[in-house]
$ cat work_27.cif   # mmCIF, C-alpha atoms
data_query
#
loop_
_atom_site.label_atom_id
_atom_site.label_comp_id
_atom_site.auth_asym_id
_atom_site.auth_seq_id
_atom_site.Cartn_x
_atom_site.Cartn_y
_atom_site.Cartn_z
CA ASN R 1 353.50 226.69 -59.46
CA PRO R 2 353.71 230.30 -60.66
CA GLN R 3 356.45 229.38 -63.13
CA VAL R 4 353.80 227.77 -65.33
CA TRP R 5 352.38 231.17 -66.25
CA LEU R 6 355.60 233.22 -66.15
CA ASN R 7 357.61 233.65 -69.34
CA LYS R 8 361.40 233.97 -69.66
CA ALA R 9 361.30 237.77 -69.43
CA ASP R 10 359.22 237.53 -66.24
CA MET R 11 361.68 235.06 -64.76
CA ALA R 12 364.63 237.31 -65.64
CA ALA R 13 362.90 240.30 -64.03
CA LEU R 14 362.21 238.21 -60.92
CA ALA R 15 365.85 237.14 -60.72
CA ASN R 16 367.01 240.76 -60.99
CA GLY R 17 364.50 241.93 -58.43
CA ARG R 18 365.48 239.21 -55.99
CA TYR R 19 369.16 239.99 -56.45
CA TYR R 20 368.72 243.68 -55.66
CA PHE R 21 366.28 243.16 -52.79
CA GLN R 22 368.44 240.44 -51.20
CA THR R 23 371.61 242.48 -51.61
CA ALA R 24 369.95 245.42 -49.89
CA GLU R 25 368.74 243.18 -47.07
CA GLU R 26 372.13 241.53 -46.58
CA LEU R 27 373.82 244.93 -46.42
CA GLY R 28 371.39 246.05 -43.74
CA ILE R 29 369.82 248.67 -45.99
CA PHE R 30 366.37 247.09 -45.67
CA THR R 31 364.48 247.78 -42.55
CA ASN R 32 361.37 248.60 -44.53
CA VAL R 33 358.95 245.76 -43.85
CA TYR R 34 356.88 246.64 -46.92
CA SER R 35 359.85 245.97 -49.18
CA LEU R 36 360.64 242.73 -47.40
CA GLN R 37 357.08 241.59 -48.07
CA LYS R 38 357.77 242.18 -51.78
CA LEU R 39 361.01 240.23 -51.55
CA ALA R 40 359.04 237.33 -50.09
CA TRP R 41 356.76 237.35 -53.14
CA LEU R 42 359.71 237.53 -55.49
CA ASN R 43 361.10 234.47 -53.70
CA TYR R 44 357.81 232.64 -54.03
CA LEU R 45 357.40 233.46 -57.71
CA SER R 46 361.00 232.34 -58.30
CA GLY R 47 360.25 228.92 -56.85
CA ASN R 48 361.54 229.50 -53.32
CA ALA R 49 358.31 228.96 -51.39
CA GLU R 50 360.01 227.87 -48.14
CA GLU R 51 362.17 230.98 -48.13
CA ALA R 52 359.14 233.16 -48.87
CA ALA R 53 357.13 231.67 -46.00
CA ALA R 54 359.99 232.13 -43.55
CA LEU R 55 360.54 235.74 -44.63
CA LEU R 56 356.83 236.52 -44.32
CA ALA R 57 356.86 235.17 -40.75
CA ARG R 58 359.78 237.46 -39.87
CA VAL R 59 358.17 240.43 -41.59
CA ALA R 60 354.78 239.93 -39.91
CA ASP R 61 356.46 240.08 -36.50
CA ARG R 62 357.50 243.64 -37.32
CA GLN R 63 354.22 244.81 -38.84
CA GLU R 64 350.87 246.00 -37.56
CA GLY R 65 347.29 246.24 -38.79
CA GLN R 66 346.37 245.49 -42.37
CA THR R 67 349.95 245.05 -43.54
CA LYS R 68 350.56 242.38 -40.88
CA ALA R 69 347.29 240.65 -41.78
CA ILE R 70 348.27 240.56 -45.47
CA SER R 71 351.72 239.10 -44.70
CA LEU R 72 350.14 236.42 -42.51
CA TYR R 73 347.54 235.67 -45.20
CA TYR R 74 350.24 235.34 -47.88
CA ARG R 75 352.24 233.08 -45.55
CA GLY R 76 349.18 230.90 -44.95
CA ALA R 77 348.51 230.65 -48.67
CA ILE R 78 352.09 229.60 -49.37
CA LEU R 79 352.09 227.07 -46.52
CA ASN R 80 348.88 225.57 -47.91
CA ARG R 81 350.59 225.07 -51.26
CA LEU R 82 353.50 223.41 -49.47
CA GLY R 83 351.06 220.99 -47.81
CA ARG R 84 351.71 222.38 -44.32
CA THR R 85 348.02 222.91 -43.58
CA GLN R 86 348.20 223.16 -39.78
CA GLU R 87 350.83 225.91 -39.98
CA ALA R 88 348.79 227.55 -42.73
CA ARG R 89 345.71 227.64 -40.50
CA GLU R 90 347.75 229.16 -37.67
CA ALA R 91 349.00 231.95 -39.94
CA LEU R 92 345.53 232.50 -41.38
CA SER R 93 343.98 232.58 -37.92
CA ALA R 94 346.53 235.20 -36.88
CA ALA R 95 345.68 237.20 -40.01
CA LEU R 96 341.99 237.06 -39.16
CA SER R 97 342.59 238.04 -35.56
CA THR R 98 344.31 241.14 -36.92
CA ARG R 99 341.72 241.84 -39.64
CA SER R 100 338.51 239.84 -39.28
CA ASP R 101 337.18 241.29 -42.56
CA LEU R 102 339.92 239.71 -44.70
CA THR R 103 337.68 237.37 -46.69
CA ALA R 104 340.60 236.01 -48.72
CA ALA R 105 342.02 234.59 -45.47
CA ILE R 106 338.65 232.98 -44.72
CA GLU R 107 338.61 231.41 -48.21
CA GLU R 108 342.19 230.20 -47.77
CA THR R 109 341.34 228.70 -44.36
CA GLY R 110 338.61 226.74 -46.12
CA GLU R 111 341.15 225.49 -48.61
CA SER R 112 343.42 224.41 -45.79
CA TYR R 113 340.65 222.36 -44.20
CA TRP R 114 339.76 220.87 -47.59
CA ARG R 115 343.36 219.84 -48.17
CA SER R 116 343.34 218.22 -44.72
CA GLY R 117 340.23 216.19 -45.56
CA ASN R 118 337.89 218.17 -43.32
CA ARG R 119 335.45 218.98 -46.13
CA GLU R 120 332.43 220.13 -44.10
CA THR R 121 334.54 222.64 -42.15
CA ALA R 122 336.01 223.88 -45.43
CA PHE R 123 332.51 224.29 -46.86
CA ASN R 124 331.48 226.33 -43.81
CA PHE R 125 334.47 228.65 -44.17
CA TRP R 126 333.69 229.23 -47.86
CA LYS R 127 330.07 229.84 -47.00
CA ASP R 128 331.12 232.45 -44.43
CA ALA R 129 333.40 234.11 -47.01
CA ALA R 130 330.59 234.17 -49.60
CA GLU R 131 328.15 235.64 -47.08
CA ARG R 132 330.63 238.38 -46.20
CA ASN R 133 331.43 239.04 -49.86
CA PRO R 134 328.70 237.65 -52.15
CA GLN R 135 330.63 238.84 -55.24
CA SER R 136 333.63 236.64 -54.46
CA PRO R 137 334.02 234.30 -57.42
CA MET R 138 336.58 232.21 -55.54
CA ALA R 139 334.32 231.50 -52.56
CA ASN R 140 331.42 230.67 -54.85
CA TYR R 141 333.52 228.41 -57.10
CA MET R 142 334.82 226.60 -54.03
CA LEU R 143 331.27 226.20 -52.72
CA ALA R 144 330.12 224.91 -56.11
CA GLY R 145 332.86 222.30 -56.22
CA ALA R 146 332.29 221.23 -52.63
CA ALA R 147 328.51 221.03 -53.00
CA GLY R 148 328.99 218.97 -56.17
CA SER R 149 331.34 216.58 -54.38
CA PHE R 150 328.72 216.17 -51.64
CA GLY R 151 326.15 215.20 -54.30
CA ARG R 152 324.16 218.41 -53.90
CA ALA R 153 323.84 219.25 -57.60
CA ALA R 154 321.19 222.00 -57.34
CA GLU R 155 323.18 223.83 -54.68
CA ALA R 156 326.36 223.44 -56.74
CA THR R 157 324.61 224.95 -59.77
CA THR R 158 323.45 227.96 -57.74
CA TYR R 159 326.98 228.65 -56.47
CA LEU R 160 328.42 228.15 -59.95
CA GLU R 161 325.98 230.68 -61.44
CA ARG R 162 326.90 233.22 -58.74
CA ALA R 163 330.59 232.66 -59.38
CA ARG R 164 330.28 233.08 -63.14
CA GLN R 165 328.44 236.39 -62.72
CA ASP R 166 331.42 237.91 -60.92
CA THR R 167 334.32 236.19 -62.66
CA PRO R 168 336.61 238.60 -64.50
CA PRO R 169 336.98 237.92 -68.25
CA ASP R 170 340.59 236.79 -67.82
CA ALA R 171 341.77 233.34 -68.89
CA LEU R 172 344.50 233.34 -66.18
CA PHE R 173 341.79 233.62 -63.53
CA TYR R 174 340.56 230.19 -64.49
#

$ encode --input "work_27.cif" --output "structure tokens"
Amino acid sequence: NPQVWLNKADMAALANGRYYFQTAEELGIFTNVYSLQKLAWLNYLSGNAEEAAALLARVADRQEGQTKAISLYYRGAILNRLGRTQEAREALSAALSTRSDLTAAIEETGESYWRSGNRETAFNFWKDAAERNPQSPMANYMLAGAAGSFGRAAEATTYLERARQDTPPDALFY
């Protein structure tokens, strides 16, 4: 819920941004898929996750390469938060078929499997993400939590130490 960490000024700016972006889209001014991707995030941050996911699906159909992969990744992340894990995995798989090096999509796929109760598969995705990007605090924190839940305390401690080394000194990160 992004509204937990957004203040009133942020919410007002989001409302203004959404108004102008949506007006431009409704008038047919927007054909720029990069701007529509931003509108999707404004929708998500404003509490309209369903609308954001739908818009990202439409936008991705008109994009190519890295931009398409990012839209599909964002869509997968939003669908995960909506509890639609199968759809999330489909979007994330499409993102990875476009850009196999997108480690954030690998991490998010792990989260989708975890949310679905398939913990070992989730662990394997996070392990793959951490191997591809050893400085990823998210992958290492996920691995630490998973290893701990499996009763593998020493392994959990190792992943936790790795994660802490690369965690930015930002309270919002936590």

$ residues_around --input "work_27.cif" --residues "Leu56 in chain R" --least-positions-apart "6" --cutoff "7 Å" --atoms "all atoms listed in the file" --output "PyMOL selection string"
chain R and resi 37+40+71-72+75

$ resolve_selection --input "work_27.cif" --expression "the PyMOL selection byres ((chain R and resi 76-90) around 12)" --output "VMD selection string"
chain R and resid 1 to 2 40 to 41 43 to 45 47 to 57 60 69 to 75 91 to 97 104 to 118 122 125

$ atom_distance --input "work_27.cif" --atom1 "CA of Glu120 in chain R" --atom2 "CA of Leu143 in chain R"
10.6 Å

$ resolve_selection --input "work_27.cif" --expression "the PyMOL selection byres ((chain R and resi 144-160) around 10)" --output "PyMOL selection string"
chain R and resi 114+119-120+122-123+126+130+137-143+161-165

$ atom_distance --input "work_27.cif" --atom1 "CA of Ser136 in chain R" --atom2 "CA of Gln63 in chain R"
27.1 Å

$ atom_distance --input "work_27.cif" --atom1 "CA of Arg132 in chain R" --atom2 "CA of Lys68 in chain R"
21.0 Å
